[in-house]
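Quick look at upload.cif (mmCIF, C-alpha atoms):
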```cif
data_final
loop_
_atom_site.label_atom_id
_atom_site.label_comp_id
_atom_site.auth_asym_id
_atom_site.auth_seq_id
_atom_site.Cartn_x
_atom_site.Cartn_y
_atom_site.Cartn_z
CA MET B 1 0.00 0.00 0.00
CA LYS B 2 1.40 3.41 -1.01
CA ILE B 3 1.76 6.01 1.73
CA TYR B 4 -1.10 8.24 0.55
CA ASP B 5 -3.51 5.29 0.41
CA GLU B 6 -2.35 4.28 3.89
CA LEU B 7 -3.10 7.76 5.24
CA VAL B 8 -6.59 7.52 3.73
CA ALA B 9 -7.11 4.02 5.15
CA ARG B 10 -6.09 5.26 8.61
CA GLY B 11 -8.61 8.12 8.42
CA LEU B 12 -5.90 10.75 8.79
CA ILE B 13 -6.65 13.03 5.84
CA ALA B 14 -9.25 15.77 6.28
CA GLN B 15 -8.77 18.28 3.43
CA VAL B 16 -6.33 18.61 0.52
CA THR B 17 -5.79 21.35 -2.04
CA ASP B 18 -4.94 19.12 -5.02
CA GLU B 19 -5.24 15.42 -4.30
CA PRO B 20 -3.68 14.01 -7.53
CA GLU B 21 -0.57 16.21 -7.16
CA ILE B 22 -0.17 15.57 -3.44
CA LYS B 23 -0.65 11.84 -3.95
CA GLU B 24 1.98 11.78 -6.71
CA LEU B 25 4.53 13.74 -4.67
CA VAL B 26 4.26 11.88 -1.35
CA ASN B 27 4.00 8.43 -2.94
CA ASN B 28 7.24 9.05 -4.83
CA GLY B 29 9.14 10.70 -1.99
CA LYS B 30 9.21 14.08 -3.73
CA ALA B 31 7.58 16.16 -1.01
CA THR B 32 9.53 18.59 1.11
CA PHE B 33 6.87 19.37 3.67
CA TYR B 34 6.59 21.34 6.87
CA ILE B 35 4.48 21.33 9.98
CA GLY B 36 4.55 24.26 12.39
CA PHE B 37 4.67 23.97 16.17
CA ASP B 38 4.07 27.12 18.22
CA PRO B 39 5.92 26.92 21.57
CA THR B 40 2.99 27.62 23.88
CA ALA B 41 4.38 25.33 26.62
CA ASP B 42 7.64 23.61 27.54
CA SER B 43 6.41 20.23 26.31
CA LEU B 44 4.61 18.79 23.34
CA HIS B 45 1.27 17.15 24.08
CA VAL B 46 -1.10 14.60 22.55
CA GLY B 47 -2.44 17.31 20.23
CA HIS B 48 1.00 17.41 18.58
CA PHE B 49 1.35 13.63 18.58
CA MET B 50 -0.60 13.00 15.36
CA ALA B 51 1.46 15.59 13.50
CA LEU B 52 4.70 13.98 14.70
CA CYS B 53 3.47 10.54 13.65
CA LEU B 54 2.47 11.90 10.24
CA MET B 55 5.97 13.34 9.82
CA LYS B 56 7.44 9.96 10.75
CA ARG B 57 5.22 8.09 8.28
CA LEU B 58 6.04 10.46 5.43
CA GLN B 59 9.76 10.44 6.21
CA ILE B 60 9.83 6.63 6.18
CA ALA B 61 8.23 6.87 2.71
CA GLY B 62 11.18 9.00 1.51
CA ASN B 63 9.83 12.52 1.95
CA LYS B 64 11.78 15.32 3.66
CA PRO B 65 10.29 16.92 6.78
CA VAL B 66 10.88 20.51 7.83
CA VAL B 67 10.08 21.13 11.49
CA LEU B 68 9.05 24.76 11.92
CA LEU B 69 9.42 26.00 15.48
CA GLY B 70 7.23 29.06 15.98
CA GLY B 71 9.68 31.27 17.81
CA GLY B 72 8.27 34.23 15.86
CA THR B 73 4.57 33.36 15.55
CA GLY B 74 4.69 32.53 19.26
CA TYR B 75 4.97 36.28 19.88
CA ILE B 76 1.42 36.64 18.50
CA GLY B 77 -0.45 33.41 19.27
CA ASP B 78 -2.71 31.41 17.00
CA PRO B 79 -6.41 32.33 17.45
CA SER B 80 -7.58 29.07 15.79
CA GLY B 81 -10.02 27.18 17.98
CA ARG B 82 -9.74 29.76 20.77
CA THR B 83 -12.50 31.69 22.50
CA ASP B 84 -10.05 34.13 24.08
CA MET B 85 -6.61 35.57 23.43
CA ARG B 86 -3.57 33.50 24.36
CA SER B 87 -1.29 34.65 27.14
CA MET B 88 1.65 36.73 25.93
CA LEU B 89 4.89 34.79 26.46
CA THR B 90 8.27 36.41 27.12
CA PRO B 91 11.03 35.98 24.50
CA GLU B 92 13.01 33.90 27.01
CA THR B 93 10.07 31.54 27.60
CA ILE B 94 9.47 31.17 23.87
CA GLN B 95 13.13 30.29 23.24
CA HIS B 96 13.17 27.81 26.13
CA ASN B 97 10.01 26.11 24.87
CA CYS B 98 11.45 25.84 21.34
CA GLU B 99 14.51 24.06 22.72
CA CYS B 100 12.31 21.64 24.68
CA PHE B 101 10.25 20.87 21.57
CA LYS B 102 13.23 20.05 19.39
CA LYS B 103 14.68 17.71 22.01
CA GLN B 104 11.40 15.79 22.25
CA MET B 105 10.93 15.60 18.47
CA SER B 106 14.18 13.69 17.97
CA ARG B 107 12.42 10.59 19.35
CA PHE B 108 10.01 10.64 16.42
CA ILE B 109 11.85 12.19 13.50
CA ASP B 110 15.26 11.37 12.08
CA PHE B 111 17.50 14.43 11.80
CA GLU B 112 20.24 12.42 10.10
CA GLY B 113 20.42 10.38 6.89
CA GLU B 114 19.44 10.77 3.24
CA ASN B 115 16.11 12.53 3.75
CA ALA B 116 16.99 13.94 7.17
CA ALA B 117 14.57 16.36 8.75
CA ILE B 118 15.67 19.92 9.34
CA ALA B 119 14.48 22.20 12.13
CA VAL B 120 14.05 25.92 11.53
CA ASN B 121 12.77 28.71 13.75
CA ASN B 122 10.58 31.39 12.18
CA ALA B 123 11.97 33.92 14.64
CA ASP B 124 15.02 33.98 12.34
CA TRP B 125 13.07 35.77 9.62
CA LEU B 126 9.84 37.10 11.13
CA LEU B 127 11.53 39.16 13.85
CA LYS B 128 13.71 40.87 11.26
CA LEU B 129 10.83 42.05 9.09
CA ASN B 130 10.14 45.75 8.68
CA TYR B 131 6.40 46.28 9.05
CA VAL B 132 6.00 48.80 6.21
CA GLU B 133 8.15 46.69 3.90
CA LEU B 134 6.09 43.61 4.77
CA LEU B 135 2.86 45.46 3.97
CA ARG B 136 4.25 46.51 0.60
CA GLU B 137 5.53 43.03 -0.16
CA VAL B 138 2.55 40.86 0.77
CA GLY B 139 -0.30 43.09 2.04
CA ALA B 140 -1.99 43.39 -1.35
CA CYS B 141 -2.12 39.57 -1.64
CA PHE B 142 -4.63 39.21 1.23
CA SER B 143 -8.33 40.01 0.97
CA VAL B 144 -9.73 41.21 4.31
CA ASN B 145 -13.16 39.99 3.20
CA ASN B 146 -11.81 36.45 2.73
CA MET B 147 -9.86 36.58 5.97
CA LEU B 148 -12.97 37.51 7.95
CA ARG B 149 -14.77 34.49 6.50
CA ALA B 150 -11.97 32.16 7.59
CA GLU B 151 -12.88 29.44 10.07
CA CYS B 152 -9.94 30.33 12.33
CA TYR B 153 -11.49 33.76 13.03
CA LYS B 154 -15.21 32.93 13.06
CA GLN B 155 -15.42 31.89 16.72
CA ARG B 156 -13.81 35.14 17.78
CA MET B 157 -15.83 37.66 15.83
CA GLU B 158 -18.60 37.98 18.44
CA ARG B 159 -16.31 38.17 21.47
CA GLY B 160 -13.77 40.36 19.74
CA LEU B 161 -10.72 39.61 17.60
CA SER B 162 -7.62 41.70 18.27
CA PHE B 163 -5.60 43.15 15.41
CA LEU B 164 -2.61 41.33 16.88
CA GLU B 165 -4.27 37.95 16.25
CA PHE B 166 -5.69 39.07 12.91
CA ASN B 167 -2.09 39.22 11.66
CA TYR B 168 -1.46 35.56 12.48
CA MET B 169 -2.67 34.29 9.10
CA ILE B 170 -0.30 36.67 7.32
CA MET B 171 2.62 35.49 9.47
CA GLN B 172 1.88 31.79 8.87
CA SER B 173 1.41 32.40 5.16
CA TYR B 174 4.72 34.25 5.05
CA ASP B 175 6.38 31.22 6.68
CA PHE B 176 5.26 28.97 3.82
CA TYR B 177 6.38 31.58 1.28
CA HIS B 178 9.81 31.84 2.95
CA LEU B 179 10.27 28.06 3.26
CA PHE B 180 9.25 27.57 -0.37
CA LYS B 181 11.90 30.05 -1.51
CA GLU B 182 14.70 28.99 0.83
CA TYR B 183 14.22 25.22 1.13
CA GLY B 184 12.04 24.21 -1.81
CA CYS B 185 9.30 23.33 0.66
CA ASN B 186 6.30 22.49 -1.54
CA MET B 187 3.77 21.29 1.04
CA GLN B 188 2.36 22.26 4.40
CA PHE B 189 0.55 19.83 6.67
CA GLY B 190 -1.31 20.64 9.86
CA GLY B 191 -4.44 20.18 11.96
CA ASP B 192 -7.79 20.66 10.28
CA ASP B 193 -8.35 23.88 12.26
CA GLN B 194 -5.40 25.36 10.31
CA TRP B 195 -7.01 25.06 6.86
CA SER B 196 -7.64 28.77 6.30
CA ASN B 197 -4.10 29.72 7.38
CA MET B 198 -2.62 27.09 5.09
CA LEU B 199 -4.64 28.24 2.08
CA GLY B 200 -3.30 31.73 2.74
CA GLY B 201 0.21 30.36 2.24
CA THR B 202 -0.54 28.56 -1.02
CA GLU B 203 -2.23 31.70 -2.38
CA LEU B 204 0.68 33.93 -1.37
CA ILE B 205 3.16 31.65 -3.16
CA ARG B 206 0.98 31.59 -6.28
CA LYS B 207 0.52 35.36 -6.36
CA LYS B 208 4.13 36.28 -5.55
CA LEU B 209 6.06 33.51 -7.31
CA GLY B 210 3.63 32.10 -9.85
CA LYS B 211 4.26 28.60 -8.48
CA ASP B 212 2.06 25.87 -7.05
CA ALA B 213 2.32 24.72 -3.45
CA TYR B 214 0.05 22.31 -1.64
CA ALA B 215 -1.68 21.89 1.71
CA MET B 216 -3.20 18.95 3.53
CA THR B 217 -4.90 18.89 6.90
CA ILE B 218 -4.96 16.00 9.36
CA THR B 219 -8.19 14.86 10.94
CA LEU B 220 -8.48 16.19 14.49
CA LEU B 221 -8.46 13.45 17.13
CA MET B 222 -12.00 13.51 18.52
CA ASN B 223 -13.80 10.99 20.71
CA SER B 224 -17.19 9.47 19.95
CA GLU B 225 -18.84 12.37 21.81
CA GLY B 226 -17.25 14.94 19.49
CA LYS B 227 -14.73 16.23 22.06
CA LYS B 228 -11.00 16.66 21.45
CA MET B 229 -8.96 13.86 22.93
CA GLY B 230 -5.80 14.41 24.97
CA LYS B 231 -7.31 16.17 27.99
CA THR B 232 -7.75 15.01 31.58
CA ALA B 233 -9.18 16.62 34.70
CA SER B 234 -5.74 18.01 35.47
CA GLY B 235 -5.11 19.32 31.94
CA ALA B 236 -3.29 18.18 28.81
CA VAL B 237 -1.69 14.76 28.36
CA TRP B 238 1.96 15.75 27.86
CA LEU B 239 4.77 13.89 26.09
CA ASP B 240 7.26 15.03 28.75
CA PRO B 241 7.50 12.26 31.40
CA ASN B 242 8.00 14.89 34.10
CA LYS B 243 4.59 16.42 33.31
CA THR B 244 2.67 13.23 32.47
CA SER B 245 4.38 10.09 33.76
CA PRO B 246 4.64 7.02 31.48
CA PHE B 247 2.14 5.29 33.80
CA GLU B 248 -0.36 8.16 33.49
CA PHE B 249 0.20 8.24 29.73
CA TYR B 250 -0.41 4.49 29.51
CA GLN B 251 -3.51 4.75 31.68
CA TYR B 252 -4.97 7.55 29.56
CA TRP B 253 -4.99 5.33 26.48
CA ARG B 254 -5.95 2.20 28.43
CA ASN B 255 -9.06 4.05 29.60
CA VAL B 256 -10.39 5.24 26.22
CA SER B 257 -13.96 4.19 25.51
CA ASP B 258 -14.88 1.05 23.56
CA ALA B 259 -16.20 3.29 20.78
CA ASP B 260 -12.85 5.04 20.33
CA VAL B 261 -10.15 2.40 20.81
CA LEU B 262 -10.01 0.96 17.28
CA LYS B 263 -10.10 4.43 15.72
CA CYS B 264 -7.15 5.45 17.91
CA ILE B 265 -5.21 2.31 16.96
CA ARG B 266 -5.83 3.06 13.28
CA MET B 267 -4.88 6.74 13.47
CA LEU B 268 -2.02 6.72 15.97
CA THR B 269 -0.13 3.42 15.90
CA PHE B 270 2.17 1.94 13.27
CA ILE B 271 0.44 -1.43 13.35
CA PRO B 272 -0.19 -2.50 9.71
CA VAL B 273 -3.61 -1.51 8.38
CA GLU B 274 -4.34 -5.13 7.42
CA GLU B 275 -4.01 -6.23 11.05
CA ILE B 276 -6.21 -3.37 12.25
CA ASP B 277 -8.89 -4.31 9.71
CA LYS B 278 -9.15 -7.71 11.42
CA MET B 279 -9.57 -5.98 14.81
CA ASP B 280 -12.63 -4.10 13.53
CA LYS B 281 -14.70 -7.21 14.29
CA TRP B 282 -13.57 -7.36 17.93
CA GLU B 283 -16.21 -7.04 20.64
CA GLY B 284 -16.54 -7.28 24.42
CA ALA B 285 -13.42 -8.56 26.15
CA GLU B 286 -11.48 -8.27 22.89
CA LEU B 287 -11.85 -4.49 23.11
CA ASN B 288 -10.00 -4.56 26.45
CA LYS B 289 -7.20 -6.39 24.64
CA ALA B 290 -7.28 -3.64 22.00
CA LYS B 291 -6.95 -1.01 24.73
CA ASP B 292 -3.89 -2.79 26.11
CA ILE B 293 -2.39 -2.83 22.61
CA LEU B 294 -3.12 0.86 22.08
CA ALA B 295 -1.71 1.93 25.45
CA TYR B 296 1.44 -0.16 25.05
CA GLU B 297 2.15 0.90 21.45
CA LEU B 298 1.78 4.62 22.14
CA THR B 299 3.70 4.53 25.42
CA ALA B 300 6.55 2.70 23.65
CA LEU B 301 6.53 5.30 20.87
CA VAL B 302 6.72 8.23 23.27
CA HIS B 303 8.70 6.83 26.21
CA GLY B 304 10.42 3.70 24.88
CA GLU B 305 9.85 -0.04 25.26
CA GLU B 306 11.23 -0.27 28.80
CA GLU B 307 8.88 2.38 30.20
CA ALA B 308 5.96 0.86 28.31
CA LYS B 309 6.65 -2.54 29.91
CA LYS B 310 6.84 -0.97 33.38
CA ALA B 311 3.58 0.91 32.84
CA LYS B 312 1.83 -2.22 31.57
CA GLU B 313 3.05 -4.32 34.52
CA ALA B 314 2.00 -1.64 37.03
CA SER B 315 -1.41 -1.34 35.38
CA MET B 316 -1.97 -5.10 35.40
CA ALA B 317 -0.88 -5.32 39.06
CA LEU B 318 -3.30 -2.59 40.11
CA PHE B 319 -6.25 -3.99 38.21
CA ALA B 320 -5.51 -7.41 39.69
CA GLY B 321 -5.63 -5.87 43.16
CA GLY B 322 -1.87 -5.90 43.64
CA SER B 323 0.07 -3.53 45.83
CA ASP B 324 2.88 -2.48 43.46
CA ASP B 325 2.55 1.30 43.21
CA SER B 326 6.16 2.10 42.25
CA ASN B 327 5.14 3.44 38.84
CA MET B 328 1.95 5.11 39.97
CA PRO B 329 1.68 8.89 39.43
CA THR B 330 2.47 10.55 42.76
CA THR B 331 1.90 13.96 44.31
CA GLU B 332 4.18 15.05 47.15
CA LEU B 333 2.47 17.35 49.65
CA ASP B 334 4.13 20.06 51.74
CA GLU B 335 3.17 20.52 55.37
CA SER B 336 1.64 23.83 54.27
CA ALA B 337 -1.08 21.88 52.43
CA LEU B 338 -2.33 20.51 55.77
CA THR B 339 -4.55 22.18 58.36
CA ASP B 340 -4.23 20.93 61.93
CA GLY B 341 -2.27 17.90 60.71
CA LYS B 342 -4.76 16.76 58.07
CA ILE B 343 -6.17 17.55 54.63
CA GLY B 344 -9.78 17.33 53.42
CA ILE B 345 -10.53 14.77 50.73
CA MET B 346 -11.88 17.41 48.35
CA ASP B 347 -8.70 19.48 48.66
CA LEU B 348 -6.62 16.36 48.18
CA LEU B 349 -8.42 15.43 44.95
CA VAL B 350 -7.81 18.90 43.53
CA VAL B 351 -4.14 19.00 44.61
CA CYS B 352 -3.53 15.60 42.99
CA GLY B 353 -5.22 16.68 39.74
CA LEU B 354 -8.00 14.12 40.08
CA ALA B 355 -10.63 16.85 39.99
CA PRO B 356 -10.38 20.32 38.45
CA THR B 357 -12.41 22.03 41.22
CA LYS B 358 -13.69 21.34 44.73
CA SER B 359 -17.25 21.27 43.44
CA GLU B 360 -16.28 18.50 41.00
CA ALA B 361 -14.46 16.71 43.83
CA ARG B 362 -17.63 16.94 45.96
CA ARG B 363 -19.66 15.41 43.13
CA LEU B 364 -17.20 12.51 42.77
CA VAL B 365 -17.36 11.72 46.49
CA GLN B 366 -21.16 12.01 46.63
CA GLN B 367 -21.47 9.60 43.70
CA GLY B 368 -19.31 7.04 45.52
CA GLY B 369 -16.46 7.19 43.03
CA VAL B 370 -13.52 7.93 45.38
CA TYR B 371 -11.50 5.35 47.30
CA VAL B 372 -8.53 5.83 49.64
CA ASP B 373 -6.47 2.68 50.19
CA GLU B 374 -9.38 0.79 48.59
CA GLU B 375 -11.93 2.05 51.13
CA LYS B 376 -14.81 4.07 49.70
CA VAL B 377 -14.89 7.68 50.90
CA ALA B 378 -18.40 8.09 52.30
CA ALA B 379 -18.43 11.77 53.35
CA VAL B 380 -17.38 14.98 51.59
CA ASN B 381 -15.85 16.23 54.86
CA ALA B 382 -13.57 13.19 55.24
CA THR B 383 -9.92 13.98 56.02
CA ILE B 384 -6.58 12.25 55.59
CA SER B 385 -4.09 12.53 58.46
CA ALA B 386 -0.45 13.49 58.23
CA ASP B 387 0.52 10.09 59.67
CA ALA B 388 -1.26 8.29 56.84
CA LEU B 389 0.29 10.59 54.26
CA LYS B 390 3.81 9.96 55.59
CA ASN B 391 3.50 6.37 54.42
CA GLY B 392 1.62 7.38 51.30
CA VAL B 393 -2.05 6.81 50.52
CA LYS B 394 -3.42 5.32 47.31
CA ILE B 395 -6.37 7.16 45.82
CA ARG B 396 -8.64 5.59 43.23
CA LYS B 397 -11.13 7.58 41.17
CA GLY B 398 -13.72 5.35 39.61
CA LYS B 399 -12.47 1.98 38.40
CA LYS B 400 -9.46 3.02 36.38
CA THR B 401 -7.67 6.12 37.68
CA PHE B 402 -5.02 5.61 40.37
CA HIS B 403 -2.87 8.16 42.18
CA LYS B 404 -0.61 8.22 45.24
CA ALA B 405 -0.27 11.09 47.70
CA ILE B 406 2.64 11.29 50.11
CA LEU B 407 3.87 13.87 52.59
CA LYS B 408 7.34 15.22 51.85
CA ALA B 409 9.93 14.06 54.39
#
```
Could you spell out this file's structure in structure tokens?
Amino acid sequence: MKIYDELVARGLIAQVTDEPEIKELVNNGKATFYIGFDPTADSLHVGHFMALCLMKRLQIAGNKPVVLLGGGTGYIGDPSGRTDMRSMLTPETIQHNCECFKKQMSRFIDFEGENAAIAVNNADWLLKLNYVELLREVGACFSVNNMLRAECYKQRMERGLSFLEFNYMIMQSYDFYHLFKEYGCNMQFGGDDQWSNMLGGTELIRKKLGKDAYAMTITLLMNSEGKKMGKTASGAVWLDPNKTSPFEFYQYWRNVSDADVLKCIRMLTFIPVEEIDKMDKWEGAELNKAKDILAYELTALVHGEEEAKKAKEASMALFAGGSDDSNMPTTELDESALTDGKIGIMDLLVVCGLAPTKSEARRLVQQGGVYVDEEKVAAVNATISADALKNGVKIRKGKKTFHKAILKA
């Protein structure tokens, strides 16, 4: 199966500008393509994971990836999919986040060899631009009417769209234009919420250079309820083991719903499509086996085989009622978190990231979904003593989410 047909079979392709041309280029290893990553945090997360896997798939097929670190666009912030303006990051934070991104990406993408990936930072050209010169060079190529109809701005029009964010499409389009000229980059790939920005780039190249460039968007990873995947009560599922431990990462995928597991295997793993097709008939207990496969494969991709084995063993031990909690996600509490030598269960759930708010924690307790050392917490005013915390207590939320809390020595 050629790479383009595989991407279709895995359900990864959302929109393309010119399917026959894109198919021809990627199938024959003739694409020099880029994906942009704005450094909004010091770690990549599950939202970036599909893009990284796409890069890996295309590189294996002989195409050349260009990793674009958004050291320049990070000064503005992408309004796509946002209901409010992003926080303004300092230049030092942006640079630090870019360095963290590149280090993590080396696990997925090969920066050496015949079709080695290259990493570039758009701060190198965007921050040097003269505003008036930029307006003269590319301003006439953008229709404000078309920009206002773009999906990336629609959600913001009622609440208010700042002129700062309105410039983001021009900056991203200029990136494609620059990469086309400097590196022969003929394609841009990205999430489906980036479609309008990507079209801006292809149009700018056509109008300024009279050449064709192409864009393809990846299907957003949504669950069966239509919500973006990769979020937990405590926030994003990170690829950095210090922010989301391998055990937590494993557990996230082990706990996906029956309706989503086979789709995730198809879209995210490198298991051959033919094998996945056979899994489509799986039901009941076989879906639990599929969840184990999904969790193991993705944890091995992100954290390596050894960590995946540890996470699997710890998960199996816990579900079998074992006591091995060495790989369980753990929160260390300071004495300052206690009042009169104890902490309330609702506060503890929030501190450990098992509930986003105390009201949500209250609901969990009232519904009988919280256990401490395998004893159900019956009252919302229950407390955990410092003595218990010194030895560590095991908290279970529902059937599948485990966490340990321990008082710092």
Which residues are near Gly77 of chain B? Cut-off 12 Å, all atoms listed in the file, ignore same chain within fewer than 5 positions. Put them as a JSON list (two decimals) with C-alpha atoms, keeping the file's coordinate frame.
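Ended up saving to result-v2.json:
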```
[["chain", "number", "residue", "atom", "x", "y", "z"],
["B", 37, "PHE", "CA", 4.67, 23.97, 16.17],
["B", 38, "ASP", "CA", 4.07, 27.12, 18.22],
["B", 39, "PRO", "CA", 5.92, 26.92, 21.57],
["B", 40, "THR", "CA", 2.99, 27.62, 23.88],
["B", 41, "ALA", "CA", 4.38, 25.33, 26.62],
["B", 70, "GLY", "CA", 7.23, 29.06, 15.98],
["B", 71, "GLY", "CA", 9.68, 31.27, 17.81],
["B", 72, "GLY", "CA", 8.27, 34.23, 15.86],
["B", 82, "ARG", "CA", -9.74, 29.76, 20.77],
["B", 84, "ASP", "CA", -10.05, 34.13, 24.08],
["B", 85, "MET", "CA", -6.61, 35.57, 23.43],
["B", 86, "ARG", "CA", -3.57, 33.50, 24.36],
["B", 87, "SER", "CA", -1.29, 34.65, 27.14],
["B", 88, "MET", "CA", 1.65, 36.73, 25.93],
["B", 89, "LEU", "CA", 4.89, 34.79, 26.46],
["B", 94, "ILE", "CA", 9.47, 31.17, 23.87],
["B", 162, "SER", "CA", -7.62, 41.70, 18.27],
["B", 163, "PHE", "CA", -5.60, 43.15, 15.41],
["B", 164, "LEU", "CA", -2.61, 41.33, 16.88],
["B", 165, "GLU", "CA", -4.27, 37.95, 16.25],
["B", 166, "PHE", "CA", -5.69, 39.07, 12.91],
["B", 167, "ASN", "CA", -2.09, 39.22, 11.66],
["B", 168, "TYR", "CA", -1.46, 35.56, 12.48],
["B", 169, "MET", "CA", -2.67, 34.29, 9.10],
["B", 171, "MET", "CA", 2.62, 35.49, 9.47],
["B", 172, "GLN", "CA", 1.88, 31.79, 8.87]]
```
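Among B:Leu7, B:Leu287, B:Ala355, B:Val120, the residue with the shortest atom-to-atom distance to Ser257 of chain B, counting all atoms listed in the file, is B:Leu287.
For the pair atom CA of Ala388 of chain B and atom CA of Ile406 of chain B, the interatomic distance is 8.3 Å.
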Worksheet item: Evaluating the PyMOL selection byres ((chain B and resi 294-297) around 7) on the displayed file yields which residues, as a PyMOL selection string?
Response: chain B and resi 250+253-254+265+269+290-293+298-301+308+312
Discussion item. Set the distance at 6 Å and use all atoms listed in the file: which residues neighbour segment 329-338 of chain B once local chain neighbours fewer than 3 positions away are removed? I'd like the list as a list in words.
Written reply: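 Here the qualifying residues turn out to be Gly341, Lys342, Ile343, Cys352, His403, Lys404, Ala405, Ile406, Leu407 and Lys408 of chain B.
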Box for segment 204-221 of chain B - axis-aligned, 3 Å on each of the six sides, all listed atoms - centre and size in Å to one decimal, as lines of an AutoDock Vina configuration file.
```
center_x = -1.2
center_y = 24.9
center_z = 3.6
size_x = 20.5
size_y = 28.8
size_z = 33.0
```
Grab segment 109-125 of chain B from that structure and dump N, CA and C atoms to a file, as a PDB file, in the first residue's frame.
```
ATOM      1  N   ILE B 109      11.399  11.828  14.846  1.00  0.00           N
ATOM      2  CA  ILE B 109      11.846  12.195  13.503  1.00  0.00           C
ATOM      3  C   ILE B 109      13.354  12.069  13.417  1.00  0.00           C
ATOM      4  N   ASP B 110      13.835  11.572  12.278  1.00  0.00           N
ATOM      5  CA  ASP B 110      15.259  11.365  12.077  1.00  0.00           C
ATOM      6  C   ASP B 110      15.887  12.640  11.513  1.00  0.00           C
ATOM      7  N   PHE B 111      16.820  13.226  12.263  1.00  0.00           N
ATOM      8  CA  PHE B 111      17.502  14.433  11.804  1.00  0.00           C
ATOM      9  C   PHE B 111      18.841  14.109  11.135  1.00  0.00           C
ATOM     10  N   GLU B 112      19.050  12.842  10.819  1.00  0.00           N
ATOM     11  CA  GLU B 112      20.245  12.422  10.096  1.00  0.00           C
ATOM     12  C   GLU B 112      19.840  11.460   8.989  1.00  0.00           C
ATOM     13  N   GLY B 113      20.718  11.317   7.958  1.00  0.00           N
ATOM     14  CA  GLY B 113      20.423  10.384   6.885  1.00  0.00           C
ATOM     15  C   GLY B 113      20.060  11.084   5.591  1.00  0.00           C
ATOM     16  N   GLU B 114      19.664  10.273   4.598  1.00  0.00           N
ATOM     17  CA  GLU B 114      19.442  10.770   3.240  1.00  0.00           C
ATOM     18  C   GLU B 114      18.342  11.822   3.153  1.00  0.00           C
ATOM     19  N   ASN B 115      17.210  11.551   3.763  1.00  0.00           N
ATOM     20  CA  ASN B 115      16.115  12.533   3.753  1.00  0.00           C
ATOM     21  C   ASN B 115      15.897  13.081   5.165  1.00  0.00           C
ATOM     22  N   ALA B 116      17.012  13.458   5.787  1.00  0.00           N
ATOM     23  CA  ALA B 116      16.991  13.940   7.170  1.00  0.00           C
ATOM     24  C   ALA B 116      16.088  15.158   7.323  1.00  0.00           C
ATOM     25  N   ALA B 117      15.393  15.193   8.434  1.00  0.00           N
ATOM     26  CA  ALA B 117      14.571  16.358   8.752  1.00  0.00           C
ATOM     27  C   ALA B 117      15.477  17.533   9.115  1.00  0.00           C
ATOM     28  N   ILE B 118      14.973  18.720   8.880  1.00  0.00           N
ATOM     29  CA  ILE B 118      15.669  19.919   9.343  1.00  0.00           C
ATOM     30  C   ILE B 118      14.721  20.693  10.254  1.00  0.00           C
ATOM     31  N   ALA B 119      15.277  21.373  11.227  1.00  0.00           N
ATOM     32  CA  ALA B 119      14.481  22.198  12.134  1.00  0.00           C
ATOM     33  C   ALA B 119      14.845  23.659  11.907  1.00  0.00           C
ATOM     34  N   VAL B 120      13.840  24.481  11.716  1.00  0.00           N
ATOM     35  CA  VAL B 120      14.051  25.918  11.534  1.00  0.00           C
ATOM     36  C   VAL B 120      13.152  26.659  12.514  1.00  0.00           C
ATOM     37  N   ASN B 121      13.513  27.896  12.800  1.00  0.00           N
ATOM     38  CA  ASN B 121      12.769  28.713  13.746  1.00  0.00           C
ATOM     39  C   ASN B 121      12.344  29.989  13.028  1.00  0.00           C
ATOM     40  N   ASN B 122      11.030  30.227  12.949  1.00  0.00           N
ATOM     41  CA  ASN B 122      10.579  31.389  12.176  1.00  0.00           C
ATOM     42  C   ASN B 122      10.920  32.729  12.828  1.00  0.00           C
ATOM     43  N   ALA B 123      11.455  32.688  14.048  1.00  0.00           N
ATOM     44  CA  ALA B 123      11.970  33.923  14.642  1.00  0.00           C
ATOM     45  C   ALA B 123      13.137  34.469  13.813  1.00  0.00           C
ATOM     46  N   ASP B 124      13.851  33.584  13.113  1.00  0.00           N
ATOM     47  CA  ASP B 124      15.023  33.977  12.342  1.00  0.00           C
ATOM     48  C   ASP B 124      14.681  34.901  11.190  1.00  0.00           C
ATOM     49  N   TRP B 125      13.444  34.836  10.685  1.00  0.00           N
ATOM     50  CA  TRP B 125      13.071  35.774   9.616  1.00  0.00           C
ATOM     51  C   TRP B 125      11.925  36.706  10.011  1.00  0.00           C
TER      52      TRP B 125
END
```
